[in-house]
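Student: So here's work34.cif, just mmCIF, C-alpha atoms and all ligand atoms:
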data_target
#
loop_
_atom_site.label_atom_id
_atom_site.label_comp_id
_atom_site.auth_asym_id
_atom_site.auth_seq_id
_atom_site.Cartn_x
_atom_site.Cartn_y
_atom_site.Cartn_z
CA MET A 20 0.00 0.00 0.00
CA THR A 21 1.42 3.35 -0.91
CA SER A 22 -0.12 6.67 -0.15
CA ASP A 23 3.28 8.17 -0.98
CA PRO A 24 2.63 10.69 -3.75
CA PHE A 25 6.14 10.01 -5.04
CA PHE A 26 4.79 6.84 -6.70
CA HIS A 27 1.58 8.41 -8.05
CA PRO A 28 1.23 9.14 -11.79
CA VAL A 29 0.92 12.73 -12.97
CA SER A 30 -2.80 13.59 -13.01
CA GLY A 31 -4.48 15.05 -16.08
CA PHE A 32 -6.07 17.54 -13.67
CA ASP A 33 -2.59 18.91 -12.91
CA LEU A 34 -0.86 18.63 -16.29
CA PRO A 35 -2.79 17.91 -19.51
CA ARG A 36 -2.19 14.39 -20.74
CA PHE A 37 -0.57 15.47 -23.99
CA ALA A 38 2.10 17.40 -22.07
CA GLY A 39 5.22 16.25 -20.28
CA ILE A 40 7.69 13.42 -20.86
CA PRO A 41 5.78 10.17 -21.51
CA THR A 42 6.67 7.41 -19.06
CA PHE A 43 4.40 4.34 -18.80
CA MET A 44 1.07 5.57 -17.34
CA ARG A 45 2.78 8.85 -16.35
CA LEU A 46 4.55 7.08 -13.48
CA PRO A 47 7.91 8.16 -12.09
CA HIS A 48 10.97 6.79 -13.90
CA LEU A 49 13.12 4.73 -11.53
CA ALA A 50 16.16 2.99 -12.99
CA PRO A 51 17.49 0.05 -10.91
CA GLU A 52 20.20 2.40 -9.57
CA HIS A 53 17.57 4.69 -8.02
CA PRO A 54 17.67 4.71 -4.19
CA ARG A 55 13.92 3.97 -3.95
CA PHE A 56 13.96 1.13 -6.54
CA GLY A 57 13.70 -1.50 -3.80
CA GLU A 58 10.37 -0.08 -2.60
CA LEU A 59 8.59 -1.06 -5.82
CA ASP A 60 5.90 -3.74 -5.96
CA VAL A 61 5.48 -3.68 -9.74
CA ALA A 62 7.87 -2.47 -12.44
CA LEU A 63 6.73 -1.50 -15.91
CA VAL A 64 9.55 -2.53 -18.24
CA GLY A 65 10.14 -1.83 -21.92
CA VAL A 66 11.77 -4.47 -24.10
CA PRO A 67 12.36 -2.71 -27.45
CA TRP A 68 13.45 -5.80 -29.32
CA ASP A 69 12.11 -7.70 -32.34
CA SER A 70 15.04 -9.80 -33.52
CA GLY A 71 12.87 -12.92 -33.26
CA THR A 72 10.38 -11.64 -35.85
CA THR A 73 9.90 -13.94 -38.86
CA ASN A 74 7.25 -11.89 -40.65
CA ARG A 75 6.45 -8.15 -40.72
CA PRO A 76 8.72 -6.38 -38.18
CA GLY A 77 8.32 -3.34 -35.92
CA PRO A 78 7.72 -4.32 -32.26
CA ARG A 79 11.15 -2.86 -31.36
CA HIS A 80 9.29 0.45 -31.60
CA GLY A 81 6.54 -0.80 -29.27
CA PRO A 82 7.67 0.47 -25.85
CA ARG A 83 8.06 4.08 -27.02
CA GLN A 84 4.64 4.06 -28.71
CA LEU A 85 3.03 2.37 -25.70
CA ARG A 86 4.51 4.95 -23.33
CA ASP A 87 2.99 7.72 -25.46
CA ALA A 88 -0.42 6.01 -25.70
CA SER A 89 -0.39 5.20 -21.97
CA THR A 90 -0.64 8.88 -21.08
CA MET A 91 -4.36 8.36 -21.85
CA ILE A 92 -4.73 6.02 -18.86
CA ARG A 93 -6.25 7.43 -15.66
CA ALA A 94 -6.05 6.34 -12.02
CA GLU A 95 -9.13 4.21 -11.30
CA HIS A 96 -10.60 1.05 -12.85
CA PRO A 97 -14.13 1.78 -14.17
CA VAL A 98 -15.71 -1.46 -12.88
CA SER A 99 -13.76 -2.77 -9.88
CA GLY A 100 -12.84 0.68 -8.54
CA MET A 101 -9.25 -0.52 -8.12
CA ARG A 102 -6.73 2.31 -7.85
CA PRO A 103 -3.56 0.34 -8.64
CA PHE A 104 -1.12 3.21 -8.18
CA GLU A 105 -2.32 3.62 -4.59
CA ALA A 106 -2.66 -0.10 -3.87
CA MET A 107 1.02 -0.63 -4.67
CA ALA A 108 4.22 1.17 -5.60
CA CYS A 109 4.67 1.18 -9.39
CA ALA A 110 7.20 2.86 -11.65
CA ASP A 111 8.53 2.88 -15.18
CA VAL A 112 11.96 1.28 -14.74
CA GLY A 113 13.00 2.04 -18.31
CA ASP A 114 14.02 -0.23 -21.17
CA VAL A 115 16.21 -3.29 -21.22
CA ALA A 116 18.96 -2.38 -23.68
CA PRO A 117 19.01 -5.08 -26.37
CA ASN A 118 21.69 -5.79 -28.94
CA PRO A 119 19.56 -5.83 -32.11
CA ALA A 120 22.32 -7.65 -34.00
CA ASP A 121 22.74 -10.53 -31.50
CA ILE A 122 19.81 -12.66 -30.32
CA GLN A 123 21.69 -14.64 -27.68
CA GLU A 124 23.34 -11.59 -26.14
CA SER A 125 20.01 -9.74 -26.08
CA MET A 126 18.35 -12.64 -24.29
CA ALA A 127 21.15 -12.73 -21.72
CA ARG A 128 20.72 -9.00 -21.10
CA ILE A 129 16.96 -9.37 -20.70
CA THR A 130 17.29 -12.28 -18.25
CA ALA A 131 19.87 -10.34 -16.21
CA PHE A 132 17.54 -7.33 -15.99
CA TYR A 133 14.64 -9.45 -14.72
CA ASP A 134 16.97 -11.14 -12.23
CA GLN A 135 17.43 -7.70 -10.67
CA LEU A 136 13.65 -7.34 -10.32
CA LEU A 137 13.30 -10.86 -8.94
CA ALA A 138 16.04 -10.25 -6.36
CA ALA A 139 14.15 -7.16 -5.15
CA ASP A 140 10.79 -9.03 -5.12
CA ILE A 141 9.36 -6.72 -7.80
CA LEU A 142 6.75 -8.11 -10.21
CA PRO A 143 7.32 -7.17 -13.88
CA LEU A 144 4.71 -5.90 -16.30
CA THR A 145 6.48 -5.82 -19.65
CA ALA A 146 5.80 -3.91 -22.87
CA GLY A 147 7.46 -5.68 -25.81
CA GLY A 148 8.96 -6.40 -28.09
CA ASP A 149 8.11 -9.44 -30.15
CA HIS A 150 7.05 -12.69 -28.48
CA LEU A 151 10.56 -14.09 -28.23
CA SER A 152 10.97 -11.51 -25.42
CA SER A 153 8.93 -13.78 -23.14
CA LEU A 154 11.57 -16.54 -23.19
CA PRO A 155 14.42 -14.62 -21.49
CA ILE A 156 11.86 -13.23 -18.99
CA LEU A 157 10.72 -16.76 -18.13
CA ARG A 158 14.38 -17.83 -17.81
CA SER A 159 14.47 -15.49 -14.81
CA LEU A 160 10.98 -15.91 -13.31
CA GLY A 161 10.74 -19.67 -13.93
CA ARG A 162 14.27 -20.64 -12.92
CA LYS A 163 13.43 -21.86 -9.41
CA ALA A 164 10.27 -23.77 -10.31
CA PRO A 165 8.22 -24.12 -13.50
CA LEU A 166 5.37 -21.62 -13.84
CA GLY A 167 1.83 -21.93 -15.08
CA MET A 168 0.89 -19.61 -17.94
CA ILE A 169 -2.24 -18.05 -19.36
CA HIS A 170 -1.43 -17.13 -22.96
CA PHE A 171 -3.65 -14.97 -25.18
CA ASP A 172 -2.63 -15.20 -28.83
CA SER A 173 -3.69 -16.19 -32.35
CA HIS A 174 -0.64 -18.46 -32.40
CA THR A 175 0.77 -21.12 -30.09
CA ASP A 176 4.41 -19.98 -30.52
CA LEU A 177 5.25 -23.64 -29.88
CA PHE A 178 7.11 -24.47 -33.10
CA HIS A 179 10.36 -26.38 -32.94
CA SER A 180 12.39 -24.24 -35.39
CA TYR A 181 12.29 -22.04 -38.49
CA PHE A 182 14.28 -21.76 -41.72
CA GLY A 183 15.99 -25.12 -41.37
CA GLY A 184 16.99 -25.13 -37.70
CA THR A 185 16.78 -21.61 -36.21
CA MET A 186 15.63 -22.30 -32.66
CA TYR A 187 14.99 -18.77 -31.38
CA THR A 188 12.17 -16.86 -33.11
CA HIS A 189 8.87 -15.36 -31.93
CA GLY A 190 7.25 -18.60 -33.08
CA THR A 191 9.28 -20.81 -30.71
CA PRO A 192 9.53 -19.21 -27.22
CA PHE A 193 7.13 -21.53 -25.40
CA ARG A 194 8.56 -24.68 -27.00
CA ARG A 195 11.94 -23.67 -25.56
CA ALA A 196 10.36 -22.68 -22.23
CA VAL A 197 8.78 -26.12 -21.84
CA GLU A 198 12.01 -27.87 -22.89
CA GLU A 199 14.00 -25.77 -20.40
CA GLY A 200 11.61 -26.57 -17.55
CA LEU A 201 10.47 -22.95 -17.15
CA LEU A 202 6.80 -23.77 -17.72
CA ASP A 203 4.71 -26.64 -16.36
CA PRO A 204 2.85 -27.61 -19.56
CA GLU A 205 -0.06 -29.07 -17.61
CA ARG A 206 -0.63 -25.62 -16.09
CA VAL A 207 -0.48 -23.80 -19.44
CA VAL A 208 -3.53 -22.69 -21.43
CA MET A 209 -3.42 -20.94 -24.82
CA ILE A 210 -6.54 -19.02 -25.79
CA GLY A 211 -7.63 -17.62 -29.19
CA ILE A 212 -5.59 -19.88 -31.46
CA ARG A 213 -6.58 -19.56 -35.13
CA GLY A 214 -5.48 -18.87 -38.68
CA THR A 215 -4.14 -20.74 -41.64
CA ALA A 216 -1.13 -22.99 -41.05
CA TYR A 217 1.66 -24.89 -42.79
CA ASP A 218 1.34 -27.91 -40.52
CA THR A 219 0.17 -29.00 -37.06
CA GLU A 220 3.61 -29.60 -35.53
CA ASP A 221 2.99 -26.98 -32.81
CA LYS A 222 -0.41 -28.35 -31.87
CA ASP A 223 0.89 -31.93 -31.88
CA PHE A 224 3.58 -30.87 -29.42
CA ALA A 225 0.99 -29.16 -27.21
CA LYS A 226 -1.04 -32.34 -27.09
CA SER A 227 1.99 -34.49 -26.34
CA VAL A 228 2.93 -32.46 -23.24
CA GLY A 229 -0.57 -31.60 -21.99
CA ILE A 230 -0.87 -27.92 -22.96
CA ARG A 231 -4.54 -26.93 -23.29
CA ILE A 232 -5.38 -25.05 -26.50
CA VAL A 233 -8.67 -23.15 -26.70
CA THR A 234 -9.26 -22.38 -30.37
CA ILE A 235 -11.12 -19.24 -31.40
CA GLU A 236 -14.07 -21.39 -32.47
CA GLU A 237 -14.35 -22.81 -28.96
CA PHE A 238 -13.81 -19.35 -27.45
CA HIS A 239 -16.70 -17.82 -29.41
CA ASP A 240 -18.97 -20.86 -28.87
CA ARG A 241 -18.51 -20.98 -25.09
CA GLY A 242 -18.02 -17.30 -24.27
CA VAL A 243 -15.55 -15.46 -22.08
CA ALA A 244 -16.86 -16.48 -18.65
CA ASP A 245 -16.92 -20.22 -19.34
CA VAL A 246 -13.51 -20.32 -21.05
CA MET A 247 -11.86 -18.21 -18.37
CA GLN A 248 -13.30 -20.36 -15.59
CA GLU A 249 -11.51 -23.33 -17.17
CA ALA A 250 -8.33 -21.28 -17.65
CA ARG A 251 -8.32 -20.36 -13.95
CA ALA A 252 -8.72 -24.01 -12.99
CA ILE A 253 -5.78 -25.00 -15.22
CA ALA A 254 -3.48 -22.35 -13.72
CA GLY A 255 -4.61 -23.14 -10.17
CA ASP A 256 -3.18 -21.35 -7.13
CA ALA A 257 0.50 -21.77 -7.98
CA PRO A 258 2.67 -19.03 -9.55
CA THR A 259 1.43 -18.13 -13.02
CA TYR A 260 2.67 -15.89 -15.82
CA VAL A 261 0.32 -14.02 -18.18
CA SER A 262 1.51 -13.50 -21.75
CA TYR A 263 -0.67 -11.33 -23.99
CA ASP A 264 0.07 -11.11 -27.72
CA ILE A 265 -1.95 -8.21 -29.18
CA ASP A 266 -2.71 -10.36 -32.24
CA PHE A 267 -5.14 -12.26 -29.95
CA VAL A 268 -7.52 -9.37 -30.69
CA ASP A 269 -9.26 -9.12 -34.05
CA PRO A 270 -7.25 -7.01 -36.53
CA THR A 271 -10.24 -4.67 -36.90
CA PHE A 272 -9.40 -3.47 -33.39
CA ALA A 273 -5.65 -4.19 -33.42
CA PRO A 274 -4.23 -3.93 -36.94
CA GLY A 275 -0.82 -2.75 -35.75
CA THR A 276 0.87 -6.12 -35.46
CA GLY A 277 3.07 -8.27 -37.67
CA THR A 278 1.03 -11.46 -38.03
CA PRO A 279 -2.68 -10.61 -37.82
CA GLU A 280 -5.40 -13.30 -37.97
CA VAL A 281 -9.07 -12.52 -38.62
CA GLY A 282 -12.06 -13.75 -36.62
CA GLY A 283 -10.76 -12.75 -33.20
CA PRO A 284 -12.21 -11.21 -30.02
CA ASN A 285 -13.34 -7.59 -30.01
CA SER A 286 -11.75 -4.89 -27.86
CA TYR A 287 -14.28 -5.38 -25.04
CA GLN A 288 -13.63 -9.12 -24.85
CA ALA A 289 -9.91 -8.26 -24.89
CA LEU A 290 -10.43 -6.51 -21.53
CA GLN A 291 -12.93 -9.03 -20.13
CA VAL A 292 -10.51 -11.94 -20.36
CA VAL A 293 -8.06 -10.09 -18.09
CA ARG A 294 -10.74 -9.10 -15.55
CA ALA A 295 -11.46 -12.82 -15.22
CA LEU A 296 -7.93 -13.40 -13.85
CA ASP A 297 -8.71 -11.67 -10.55
CA GLY A 298 -7.23 -13.54 -7.57
CA LEU A 299 -4.78 -15.74 -9.49
CA ASN A 300 -1.18 -15.95 -8.26
CA ILE A 301 0.33 -13.81 -11.03
CA VAL A 302 4.11 -13.37 -10.89
CA GLY A 303 4.45 -11.27 -14.03
CA ALA A 304 2.80 -10.34 -17.31
CA ASP A 305 3.65 -9.05 -20.74
CA MET A 306 2.03 -7.27 -23.68
CA VAL A 307 3.87 -8.08 -26.91
CA GLU A 308 3.82 -7.76 -30.70
CA VAL A 309 2.51 -4.19 -30.99
CA SER A 310 4.10 -2.91 -34.21
CA PRO A 311 3.78 0.89 -34.51
CA PRO A 312 4.72 1.01 -38.22
CA PHE A 313 1.51 -0.96 -38.93
CA ASP A 314 -0.55 1.03 -36.40
CA ALA A 315 -1.50 4.02 -38.55
CA SER A 316 -4.28 5.23 -36.21
CA GLY A 317 -2.45 4.51 -32.95
CA GLY A 318 -5.52 2.52 -31.91
CA THR A 319 -3.62 -0.73 -31.44
CA ALA A 320 -1.24 0.91 -28.97
CA PHE A 321 -4.16 2.47 -27.07
CA LEU A 322 -5.89 -0.90 -26.80
CA ALA A 323 -2.61 -2.49 -25.69
CA VAL A 324 -2.06 0.00 -22.86
CA SER A 325 -5.70 -0.34 -21.83
CA ILE A 326 -5.08 -4.09 -21.49
CA MET A 327 -1.87 -3.35 -19.57
CA PHE A 328 -3.93 -1.26 -17.12
CA GLU A 329 -6.28 -4.23 -16.67
CA LEU A 330 -3.26 -6.46 -15.99
CA LEU A 331 -1.91 -3.94 -13.50
CA CYS A 332 -5.22 -3.88 -11.61
CA ILE A 333 -5.23 -7.69 -11.39
CA MET A 334 -1.63 -7.63 -10.14
CA ALA A 335 -2.60 -4.96 -7.59
CA GLY A 336 -5.34 -7.17 -6.19
CA ARG A 337 -2.74 -9.89 -5.72
CA VAL A 338 -0.08 -7.62 -4.23
CA ALA A 339 -2.63 -6.42 -1.66
CA THR A 340 -2.98 -9.99 -0.33
CA ARG A 341 0.75 -10.83 -0.22
MN MN B 1 2.77 -14.69 -30.03
MN MN B 2 0.58 -14.16 -32.35
#
With the file now loaded, output its structure as structure tokens.
Tutor:
Amino acid sequence: MTSDPFFHPVSGFDLPRFAGIPTFMRLPHLAPEHPRFGELDVALVGVPWDSGTTNRPGPRHGPRQLRDASTMIRAEHPVSGMRPFEAMACADVGDVAPNPADIQESMARITAFYDQLLAADILPLTAGGDHLSSLPILRSLGRKAPLGMIHFDSHTDLFHSYFGGTMYTHGTPFRRAVEEGLLDPERVVMIGIRGTAYDTEDKDFAKSVGIRIVTIEEFHDRGVADVMQEARAIAGDAPTYVSYDIDFVDPTFAPGTGTPEVGGPNSYQALQVVRALDGLNIVGADMVEVSPPFDASGGTAFLAVSIMFELLCIMAGRVATR
């Protein structure tokens, strides 16, 4: 609980939201060297990195665009009344510096950054970055014991390799995470899966290790409440990561992404699925694959930061009970 105004975002009643330097949600910027860094409950982190992208690029520009769009976010949740910036100490801790020419070195840098957060007991809420960003994050958060995961996406990101043996792309992070023991596949659920395919190798792997896939057909047939009740049961009470690929949402609402798939959830359902996570033991979350060069209206980034606010409110509910 923090009533300390130091950790409160700048209010639009004090400074118009189009003015000032855009940090995530207008929070203070606290680099890990800052003397008050250790007081944080949740860190908003930028991972401006898309070296795992196999199709249309651009998510390296995501964090900057999401910071700008996030100045539209206010202080209180419209339904639950949660005021996350008062329920816990949050800050923008800046970007992990990637090496855009070296995938392995970038992943090592990302893991090292999250190790700093883990050591200080700070939960990360990440703005990517392409989906390969989740792997080095999980290498930190899932090192001690495998995590459960609730994964919103059009794609499973469970492929073995690309282009004749390349193991690290945004289509492979969760295959590697299962192989490396960072995820407990029986506590993983992937929701929204759809689109044309080259083969079923990813889905065959999911089946072989016990990952639950909820296709978009099943999602629309059953509805949000029913699907999310099952997702909660799969994750259980143990530590769980939430990974949110913006291409989960229909491209009508979120065109600014590299690999869109039609027939997805609308922007309201995109928020509802997060509200349904209330009370789960969430140890971190990410929002990935926002590609500003394909986001002509800026609407994708605004939806993405609105989802990040939902994630933050769910994390605040959890922090309050720790
Ligand atoms: Mn993905
Ligand atoms: Mn995807």
Student: Compile the contact shell of stretch 72-89 of chain A as a ChimeraX atom specification: residues with an atom at most 6 Å away, counting all atoms listed in the file, same-chain residues fewer than 2 positions apart removed.
Tutor: /A:41-44,65,67-70,91-92,146,148-149,189,277,308-310,320-321,324
Student: I need the chosen residues saved as an mmCIF file, in the frame of the given file, with C-alpha atoms.
Tutor:
data_model
loop_
_atom_site.group_PDB
_atom_site.id
_atom_site.type_symbol
_atom_site.label_atom_id
_atom_site.label_comp_id
_atom_site.auth_asym_id
_atom_site.auth_seq_id
_atom_site.Cartn_x
_atom_site.Cartn_y
_atom_site.Cartn_z
ATOM 1 C CA PRO A 41 5.780 10.170 -21.510
ATOM 2 C CA THR A 42 6.670 7.410 -19.060
ATOM 3 C CA PHE A 43 4.400 4.340 -18.800
ATOM 4 C CA MET A 44 1.070 5.570 -17.340
ATOM 5 C CA GLY A 65 10.140 -1.830 -21.920
ATOM 6 C CA PRO A 67 12.360 -2.710 -27.450
ATOM 7 C CA TRP A 68 13.450 -5.800 -29.320
ATOM 8 C CA ASP A 69 12.110 -7.700 -32.340
ATOM 9 C CA SER A 70 15.040 -9.800 -33.520
ATOM 10 C CA MET A 91 -4.360 8.360 -21.850
ATOM 11 C CA ILE A 92 -4.730 6.020 -18.860
ATOM 12 C CA ALA A 146 5.800 -3.910 -22.870
ATOM 13 C CA GLY A 148 8.960 -6.400 -28.090
ATOM 14 C CA ASP A 149 8.110 -9.440 -30.150
ATOM 15 C CA HIS A 189 8.870 -15.360 -31.930
ATOM 16 C CA GLY A 277 3.070 -8.270 -37.670
ATOM 17 C CA GLU A 308 3.820 -7.760 -30.700
ATOM 18 C CA VAL A 309 2.510 -4.190 -30.990
ATOM 19 C CA SER A 310 4.100 -2.910 -34.210
ATOM 20 C CA ALA A 320 -1.240 0.910 -28.970
ATOM 21 C CA PHE A 321 -4.160 2.470 -27.070
ATOM 22 C CA VAL A 324 -2.060 0.000 -22.860
#
Student: Using only C-alpha atoms and all ligand atoms, which residues have at least one atom no more than 6 Å from ligand MN 1 (chain B)? Output them as a compact mmCIF listing (two decimals) with C-alpha atoms, in the coordinates of the input.
Tutor:
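Heads up, here's the output in out-v2.txt:
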# COMPACT_ATOMS: atom_id res chain seq x y z
CA HIS A 150 7.05 -12.69 -28.48
CA ASP A 172 -2.63 -15.20 -28.83
CA HIS A 174 -0.64 -18.46 -32.40
CA ASP A 176 4.41 -19.98 -30.52
CA ASP A 264 0.07 -11.11 -27.72
Student: Would you mind reading off the distance between atom CA of A:Asp203 and atom CA of A:Met168, one decimal, in Å?
Tutor: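 Straight-line distance from atom CA of A:Asp203 to atom CA of A:Met168 works out to 8.2 Å.
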Student: Within 12 Å of A:Asp223, counting only C-alpha atoms, which residues show up once you throw out same-chain ones fewer than 3 positions away? Write them as number ranges by chain, please.
Tutor: A: 175, 177-179, 194, 218-220, 226-232
Student: My list of candidates is A:Pro97, A:Pro165, A:Gly214, A:Pro51. Which is closest to ligand MN 2 (chain B) when distances are computed with all atoms listed in the file?
Tutor: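 Closest to ligand MN 2 (chain B) of all the choices is A:Gly214.
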Student: What does the distance from atom CA of A:Thr259 to atom CA of A:Leu59 come to in Å, to one decimal?
Tutor: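 Going from atom CA of A:Thr259 over to atom CA of A:Leu59, I get 19.9 Å.
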Student: Mind giving me the straight-line distance from atom CA of A:Gly31 to atom CA of A:Phe104 in Å, one decimal?
Tutor: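 For atom CA of A:Gly31 relative to atom CA of A:Phe104, the distance reads 14.6 Å.
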